$ cat work-v9.cif   # mmCIF, C-alpha atoms
data_run
loop_
_atom_site.label_atom_id
_atom_site.label_comp_id
_atom_site.auth_asym_id
_atom_site.auth_seq_id
_atom_site.Cartn_x
_atom_site.Cartn_y
_atom_site.Cartn_z
CA MET A 17 101.57 62.40 87.68
CA ASN A 18 101.96 64.88 84.84
CA ALA A 19 99.84 68.00 85.11
CA PRO A 20 99.88 71.36 83.35
CA ALA A 21 102.40 73.83 84.77
CA THR A 22 99.61 75.99 86.07
CA ALA A 23 97.65 73.11 87.60
CA GLY A 24 96.52 73.64 91.14
CA MET A 25 97.48 71.33 93.95
CA LEU A 26 94.32 69.29 93.43
CA GLN A 27 95.49 68.23 89.96
CA ALA A 28 99.25 68.27 90.52
CA LEU A 29 99.69 66.03 93.57
CA PRO A 30 98.72 62.40 94.05
CA THR A 31 95.66 62.05 96.29
CA GLU A 32 97.61 60.61 99.23
CA HIS A 33 100.12 63.48 99.23
CA ARG A 34 97.43 66.13 98.80
CA GLN A 35 95.48 64.68 101.75
CA ARG A 36 98.60 64.64 103.95
CA LEU A 37 99.33 68.29 103.18
CA MET A 38 95.73 69.35 103.74
CA ARG A 39 95.87 68.00 107.31
CA PHE A 40 98.20 70.93 108.02
CA ALA A 41 96.16 73.59 106.21
CA ARG A 42 94.77 76.52 108.17
CA GLU A 43 91.92 78.57 106.73
CA VAL A 44 92.73 82.29 106.50
CA SER A 45 91.26 85.36 104.85
CA PHE A 46 92.72 88.66 103.66
CA PRO A 47 90.89 91.88 102.80
CA GLN A 48 91.55 93.51 99.44
CA GLY A 49 94.80 95.48 99.51
CA THR A 50 96.55 93.25 102.07
CA ARG A 51 100.23 92.62 101.35
CA LEU A 52 100.83 88.91 101.90
CA PHE A 53 104.58 89.23 101.59
CA GLU A 54 107.36 91.51 100.37
CA GLU A 55 110.28 90.73 98.10
CA GLY A 56 113.42 89.93 100.12
CA ARG A 57 111.67 89.05 103.37
CA ARG A 58 111.56 85.65 105.08
CA ALA A 59 109.40 83.06 103.28
CA ASP A 60 107.92 81.03 106.14
CA ARG A 61 104.54 79.99 104.72
CA PHE A 62 102.55 79.52 101.54
CA TRP A 63 98.91 79.53 100.50
CA ILE A 64 96.44 77.85 98.15
CA ILE A 65 93.72 80.30 97.06
CA ARG A 66 90.15 79.19 97.72
CA THR A 67 88.44 82.39 96.54
CA GLY A 68 89.63 85.79 95.37
CA THR A 69 92.69 87.00 93.51
CA VAL A 70 96.29 87.86 94.40
CA ALA A 71 98.71 89.86 92.27
CA LEU A 72 102.37 88.87 92.23
CA ASP A 73 104.61 91.87 91.73
CA MET A 74 108.26 92.67 91.30
CA HIS A 75 110.12 95.72 92.55
CA VAL A 76 111.42 97.82 89.65
CA PRO A 77 113.83 100.61 90.73
CA GLY A 78 112.48 104.06 89.98
CA ARG A 79 109.06 102.72 88.96
CA ARG A 80 105.94 101.33 90.48
CA ALA A 81 106.06 97.58 91.21
CA ALA A 82 105.34 95.56 88.06
CA VAL A 83 102.49 93.06 88.34
CA ILE A 84 103.84 89.79 86.98
CA GLU A 85 100.79 87.60 87.28
CA THR A 86 97.39 87.46 88.94
CA LEU A 87 96.50 84.24 90.72
CA GLY A 88 93.07 82.81 91.49
CA HIS A 89 91.18 79.73 92.63
CA ASN A 90 93.29 76.71 93.61
CA GLU A 91 96.60 78.36 92.70
CA LEU A 92 99.75 78.33 94.81
CA ILE A 93 100.87 81.60 96.35
CA GLY A 94 104.55 81.42 97.11
CA TRP A 95 107.33 79.05 96.11
CA SER A 96 110.30 80.70 97.83
CA TRP A 97 109.55 78.83 101.07
CA LEU A 98 110.85 75.59 99.50
CA PHE A 99 114.27 76.83 98.37
CA ALA A 100 117.08 78.18 100.56
CA PRO A 101 117.62 80.87 101.65
CA HIS A 102 113.80 80.94 102.06
CA THR A 103 113.28 84.59 101.12
CA TRP A 104 110.55 85.89 98.83
CA HIS A 105 111.60 86.63 95.26
CA LEU A 106 108.40 88.59 94.51
CA GLY A 107 105.76 90.48 96.45
CA ALA A 108 102.06 89.60 96.69
CA GLU A 109 98.92 91.63 97.31
CA ALA A 110 95.27 90.65 97.56
CA THR A 111 93.45 92.36 94.68
CA SER A 112 90.07 91.24 96.02
CA PRO A 113 88.99 89.68 99.30
CA VAL A 114 90.82 86.34 99.54
CA ARG A 115 90.09 83.10 101.35
CA ALA A 116 92.96 80.64 101.33
CA TYR A 117 94.55 77.63 102.93
CA GLU A 118 97.77 78.58 104.71
CA PHE A 119 100.64 76.17 105.33
CA ASP A 120 103.61 76.50 107.68
CA ALA A 121 106.69 76.11 105.48
CA THR A 122 108.89 74.61 108.21
CA VAL A 123 106.36 71.85 108.89
CA ILE A 124 105.91 71.02 105.21
CA ARG A 125 109.66 71.04 104.49
CA SER A 126 110.15 68.64 107.43
CA MET A 127 107.42 66.34 106.09
CA CYS A 128 109.05 66.36 102.66
CA LYS A 129 112.44 65.53 104.15
CA ASP A 130 110.98 62.62 106.15
CA ASP A 131 109.02 61.20 103.19
CA PRO A 132 111.05 61.30 99.95
CA ALA A 133 108.03 60.40 97.78
CA LEU A 134 106.05 63.31 99.22
CA GLY A 135 109.10 65.55 98.86
CA ALA A 136 109.49 64.59 95.20
CA SER A 137 105.79 65.28 94.50
CA VAL A 138 105.89 68.66 96.22
CA ALA A 139 109.17 69.59 94.52
CA GLN A 140 107.76 68.67 91.10
CA TRP A 141 104.55 70.66 91.74
CA VAL A 142 106.37 73.74 93.05
CA GLY A 143 109.04 73.44 90.36
CA ASP A 144 106.39 73.43 87.62
CA VAL A 145 104.77 76.49 89.18
CA LEU A 146 108.16 78.20 89.46
CA ALA A 147 109.02 77.55 85.81
CA HIS A 148 105.68 78.99 84.72
CA ARG A 149 106.12 82.06 86.95
CA LEU A 150 109.60 82.75 85.62
CA ARG A 151 108.34 82.61 82.03
CA SER A 152 105.46 84.93 82.98
CA ALA A 153 107.82 87.36 84.71
CA ARG A 154 110.15 87.49 81.72
CA THR A 155 107.31 88.05 79.28
CA ARG A 156 105.64 90.68 81.47
CA LEU A 157 108.84 92.64 82.08
CA LEU A 158 109.73 92.59 78.39
CA ASP A 159 106.21 93.76 77.52
CA LEU A 160 106.52 96.60 80.04
CA TYR A 161 110.08 97.77 79.48
CA ALA A 162 111.64 96.42 76.26
CA PRO A 163 111.42 98.60 73.15
CA TYR A 164 109.54 95.96 71.16
CA GLY A 165 107.94 93.99 73.99
CA SER A 166 108.47 90.27 74.37
CA GLY A 167 107.41 89.37 70.87
CA SER A 168 105.20 86.77 72.51
CA LEU A 169 101.52 86.25 72.06
CA LEU A 170 101.19 84.81 75.61
#
$ encode --input "work-v9.cif" --output "structure tokens"
Amino acid sequence: MNAPATAGMLQALPTEHRQRLMRFAREVSFPQGTRLFEEGRRADRFWIIRTGTVALDMHVPGRRAAVIETLGHNELIGWSWLFAPHTWHLGAEATSPVRAYEFDATVIRSMCKDDPALGASVAQWVGDVLAHRLRSARTRLLDLYAPYGSGSLL
């Protein structure tokens, strides 16, 4: 199933795979200002936003963390859980009250290993999200710190 790189799980995964994952979802909420994770720490879970917004940020030595992207409804928070060594590459903070579905990364990785079709769907979905986030990070950092910005109209 081809979906836009920023498509949420509802559009990105086949119905059967989405339903299997949702059986392991746990509803959680975070007040505004809550740090969901820190760059370099263990990535042991991920979330799908139901309501609210989360800012992804990157540590920049000698400066305040740079916000790379703000995520909202139906977007994936966290991709580092899928790839060894399972440590966060960015940080994340709730910029408003957030309600989300939380997933245990170990459980989902095990499911993906046991069912190659599910694993391929999840890998494609997370890979598309990852590619989009890397482009966003590059553009944002160039806009913030390069002498002429990124030169992009994104």
$ resolve_selection --input "work-v9.cif" --expression "the PyMOL selection byres ((chain A and resi 112) around 7)" --output "PyMOL selection string"
chain A and resi 47-48+68-69+110-111+113-114
$ atom_distance --input "work-v9.cif" --atom1 "atom CA of Asn90 of chain A" --atom2 "atom CA of Arg66 of chain A"
5.7 Å
$ resolve_selection --input "work-v9.cif" --expression "the PyMOL selection byres ((chain A and resi 40) around 9)" --output "PDB file with C-alpha atoms, in the frame of the given file"
ATOM      1  CA  ARG A  36      98.600  64.640 103.950  1.00  0.00           C
ATOM      2  CA  LEU A  37      99.330  68.290 103.180  1.00  0.00           C
ATOM      3  CA  MET A  38      95.730  69.350 103.740  1.00  0.00           C
ATOM      4  CA  ARG A  39      95.870  68.000 107.310  1.00  0.00           C
ATOM      5  CA  ALA A  41      96.160  73.590 106.210  1.00  0.00           C
ATOM      6  CA  ARG A  42      94.770  76.520 108.170  1.00  0.00           C
ATOM      7  CA  GLU A 118      97.770  78.580 104.710  1.00  0.00           C
ATOM      8  CA  PHE A 119     100.640  76.170 105.330  1.00  0.00           C
ATOM      9  CA  ASP A 120     103.610  76.500 107.680  1.00  0.00           C
ATOM     10  CA  VAL A 123     106.360  71.850 108.890  1.00  0.00           C
ATOM     11  CA  ILE A 124     105.910  71.020 105.210  1.00  0.00           C
TER      12      ILE A 124
END
$ closest_atom_pairs --input "work-v9.cif" --of "segment 65-134 of chain A" --to "segment 147-157 of chain A" --cutoff "8 Å" --atoms "all atoms listed in the file" --output "Markdown table"
| residue | atom | partner | partner_atom | distance |
| --- | --- | --- | --- | --- |
| A:Ala82 | CA | A:Leu157 | CA | 7.5 |
| A:Val83 | CA | A:Arg156 | CA | 7.9 |
| A:Ile84 | CA | A:Ala153 | CA | 5.2 |
| A:Glu85 | CA | A:Ser152 | CA | 6.9 |
$ resolve_selection --input "work-v9.cif" --expression "the PyMOL selection byres ((chain A and resi 88) around 7)" --output "VMD selection string"
chain A and resid 65 67 to 70 86 to 87 89 to 91
$ closest_residue --input "work-v9.cif" --among "A:Val44, A:Glu109, A:Phe53, A:Ile93" --to "Ala71 of chain A" --atoms "all atoms listed in the file"
A:Glu109
$ closest_residue --input "work-v9.cif" --among "A:Leu158, A:Leu52, A:Leu98, A:Leu72" --to "Val138 of chain A" --atoms "all atoms listed in the file"
A:Leu98
$ atom_distance --input "work-v9.cif" --atom1 "atom CA of Asp60 of chain A" --atom2 "atom CA of Gly94 of chain A"
9.6 Å
$ atom_distance --input "work-v9.cif" --atom1 "atom CA of Arg34 of chain A" --atom2 "atom CA of Phe46 of chain A"
23.5 Å
$ closest_residue --input "work-v9.cif" --among "A:Met25, A:Arg61, A:Asp144, A:Thr103" --to "Arg125 of chain A" --atoms "all atoms listed in the file"
A:Arg61
$ closest_residue --input "work-v9.cif" --among "A:Ser45, A:Trp97, A:Gly56, A:Asp159" --to "Leu146 of chain A" --atoms "only C-alpha atoms"
A:Trp97
$ closest_residue --input "work-v9.cif" --among "A:Gly143, A:Gly107, A:Pro132, A:Pro101" --to "Glu54 of chain A" --atoms "all atoms listed in the file"
A:Gly107
$ closest_residue --input "work-v9.cif" --among "A:Leu92, A:Asp130, A:Thr122, A:Ala116" --to "Gln27 of chain A" --atoms "only C-alpha atoms"
A:Leu92
$ decode --input "work-v9.cif" --residues "segment 38-50 of chain A" --atoms "all heavy atoms" --output "compact mmCIF listing (two decimals), in the first residue's frame"
# COMPACT_ATOMS: atom_id res chain seq x y z
N MET A 38 -3.13 -2.52 16.98
CA MET A 38 -4.01 -1.80 17.92
C MET A 38 -4.45 -2.68 19.08
O MET A 38 -4.80 -2.16 20.14
CB MET A 38 -5.22 -1.22 17.19
CG MET A 38 -4.86 -0.03 16.29
SD MET A 38 -3.96 1.29 17.13
CE MET A 38 -5.19 1.85 18.30
N ARG A 39 -4.39 -3.99 18.94
CA ARG A 39 -4.71 -4.87 20.08
C ARG A 39 -3.71 -4.69 21.21
O ARG A 39 -3.98 -5.06 22.35
CB ARG A 39 -4.75 -6.33 19.62
CG ARG A 39 -6.00 -6.67 18.83
CD ARG A 39 -6.21 -8.17 18.71
NE ARG A 39 -5.25 -8.80 17.81
CZ ARG A 39 -5.51 -9.14 16.55
NH1 ARG A 39 -6.70 -8.93 16.05
NH2 ARG A 39 -4.59 -9.73 15.82
N PHE A 40 -2.54 -4.14 20.90
CA PHE A 40 -1.49 -3.95 21.91
C PHE A 40 -1.34 -2.49 22.33
O PHE A 40 -0.42 -2.15 23.06
CB PHE A 40 -0.16 -4.50 21.38
CG PHE A 40 -0.20 -5.99 21.20
CD1 PHE A 40 -0.55 -6.54 19.98
CD2 PHE A 40 0.07 -6.84 22.27
CE1 PHE A 40 -0.62 -7.91 19.81
CE2 PHE A 40 0.00 -8.21 22.11
CZ PHE A 40 -0.35 -8.75 20.88
N ALA A 41 -2.24 -1.65 21.87
CA ALA A 41 -2.19 -0.22 22.21
C ALA A 41 -2.70 0.01 23.62
O ALA A 41 -3.65 -0.64 24.06
CB ALA A 41 -3.02 0.59 21.22
N ARG A 42 -2.06 0.93 24.30
CA ARG A 42 -2.49 1.35 25.64
C ARG A 42 -2.74 2.84 25.57
O ARG A 42 -1.89 3.59 25.09
CB ARG A 42 -1.37 1.03 26.63
CG ARG A 42 -1.69 1.34 28.07
CD ARG A 42 -0.59 0.82 28.99
NE ARG A 42 0.59 1.63 28.95
CZ ARG A 42 0.86 2.61 29.83
NH1 ARG A 42 0.03 2.89 30.80
NH2 ARG A 42 1.97 3.30 29.71
N GLU A 43 -3.89 3.29 26.05
CA GLU A 43 -4.20 4.72 26.03
C GLU A 43 -3.44 5.42 27.16
O GLU A 43 -3.47 4.97 28.30
CB GLU A 43 -5.70 4.96 26.15
CG GLU A 43 -6.45 4.47 24.93
CD GLU A 43 -7.93 4.84 24.95
OE1 GLU A 43 -8.28 5.89 25.53
OE2 GLU A 43 -8.71 4.07 24.38
N VAL A 44 -2.76 6.52 26.79
CA VAL A 44 -1.99 7.31 27.76
C VAL A 44 -2.27 8.79 27.52
O VAL A 44 -2.78 9.17 26.46
CB VAL A 44 -0.47 7.04 27.66
CG1 VAL A 44 -0.14 5.60 28.02
CG2 VAL A 44 0.07 7.39 26.28
N SER A 45 -1.93 9.60 28.49
CA SER A 45 -2.02 11.05 28.32
C SER A 45 -0.81 11.71 28.98
O SER A 45 -0.22 11.16 29.91
CB SER A 45 -3.32 11.60 28.90
OG SER A 45 -3.41 11.30 30.27
N PHE A 46 -0.44 12.87 28.44
CA PHE A 46 0.70 13.63 28.93
C PHE A 46 0.30 15.09 29.06
O PHE A 46 -0.25 15.65 28.10
CB PHE A 46 1.89 13.55 27.95
CG PHE A 46 2.35 12.17 27.65
CD1 PHE A 46 2.00 11.55 26.45
CD2 PHE A 46 3.13 11.46 28.54
CE1 PHE A 46 2.43 10.28 26.14
CE2 PHE A 46 3.55 10.17 28.25
CZ PHE A 46 3.20 9.58 27.05
N PRO A 47 0.59 15.73 30.19
CA PRO A 47 0.34 17.17 30.28
C PRO A 47 1.34 17.94 29.41
O PRO A 47 2.42 17.46 29.08
CB PRO A 47 0.57 17.49 31.75
CG PRO A 47 0.93 16.24 32.45
CD PRO A 47 1.08 15.15 31.43
N GLN A 48 0.96 19.15 29.05
CA GLN A 48 1.86 20.03 28.31
C GLN A 48 3.17 20.15 29.07
O GLN A 48 3.19 20.26 30.30
CB GLN A 48 1.22 21.41 28.16
CG GLN A 48 2.06 22.38 27.38
CD GLN A 48 1.36 23.71 27.17
OE1 GLN A 48 0.17 23.85 27.44
NE2 GLN A 48 2.09 24.68 26.68
N GLY A 49 4.28 20.12 28.34
CA GLY A 49 5.60 20.27 28.95
C GLY A 49 6.26 18.95 29.33
O GLY A 49 7.43 18.93 29.70
N THR A 50 5.56 17.84 29.22
CA THR A 50 6.13 16.53 29.55
C THR A 50 7.14 16.12 28.49
O THR A 50 6.87 16.20 27.29
CB THR A 50 5.02 15.45 29.62
OG1 THR A 50 4.07 15.82 30.61
CG2 THR A 50 5.60 14.08 29.93
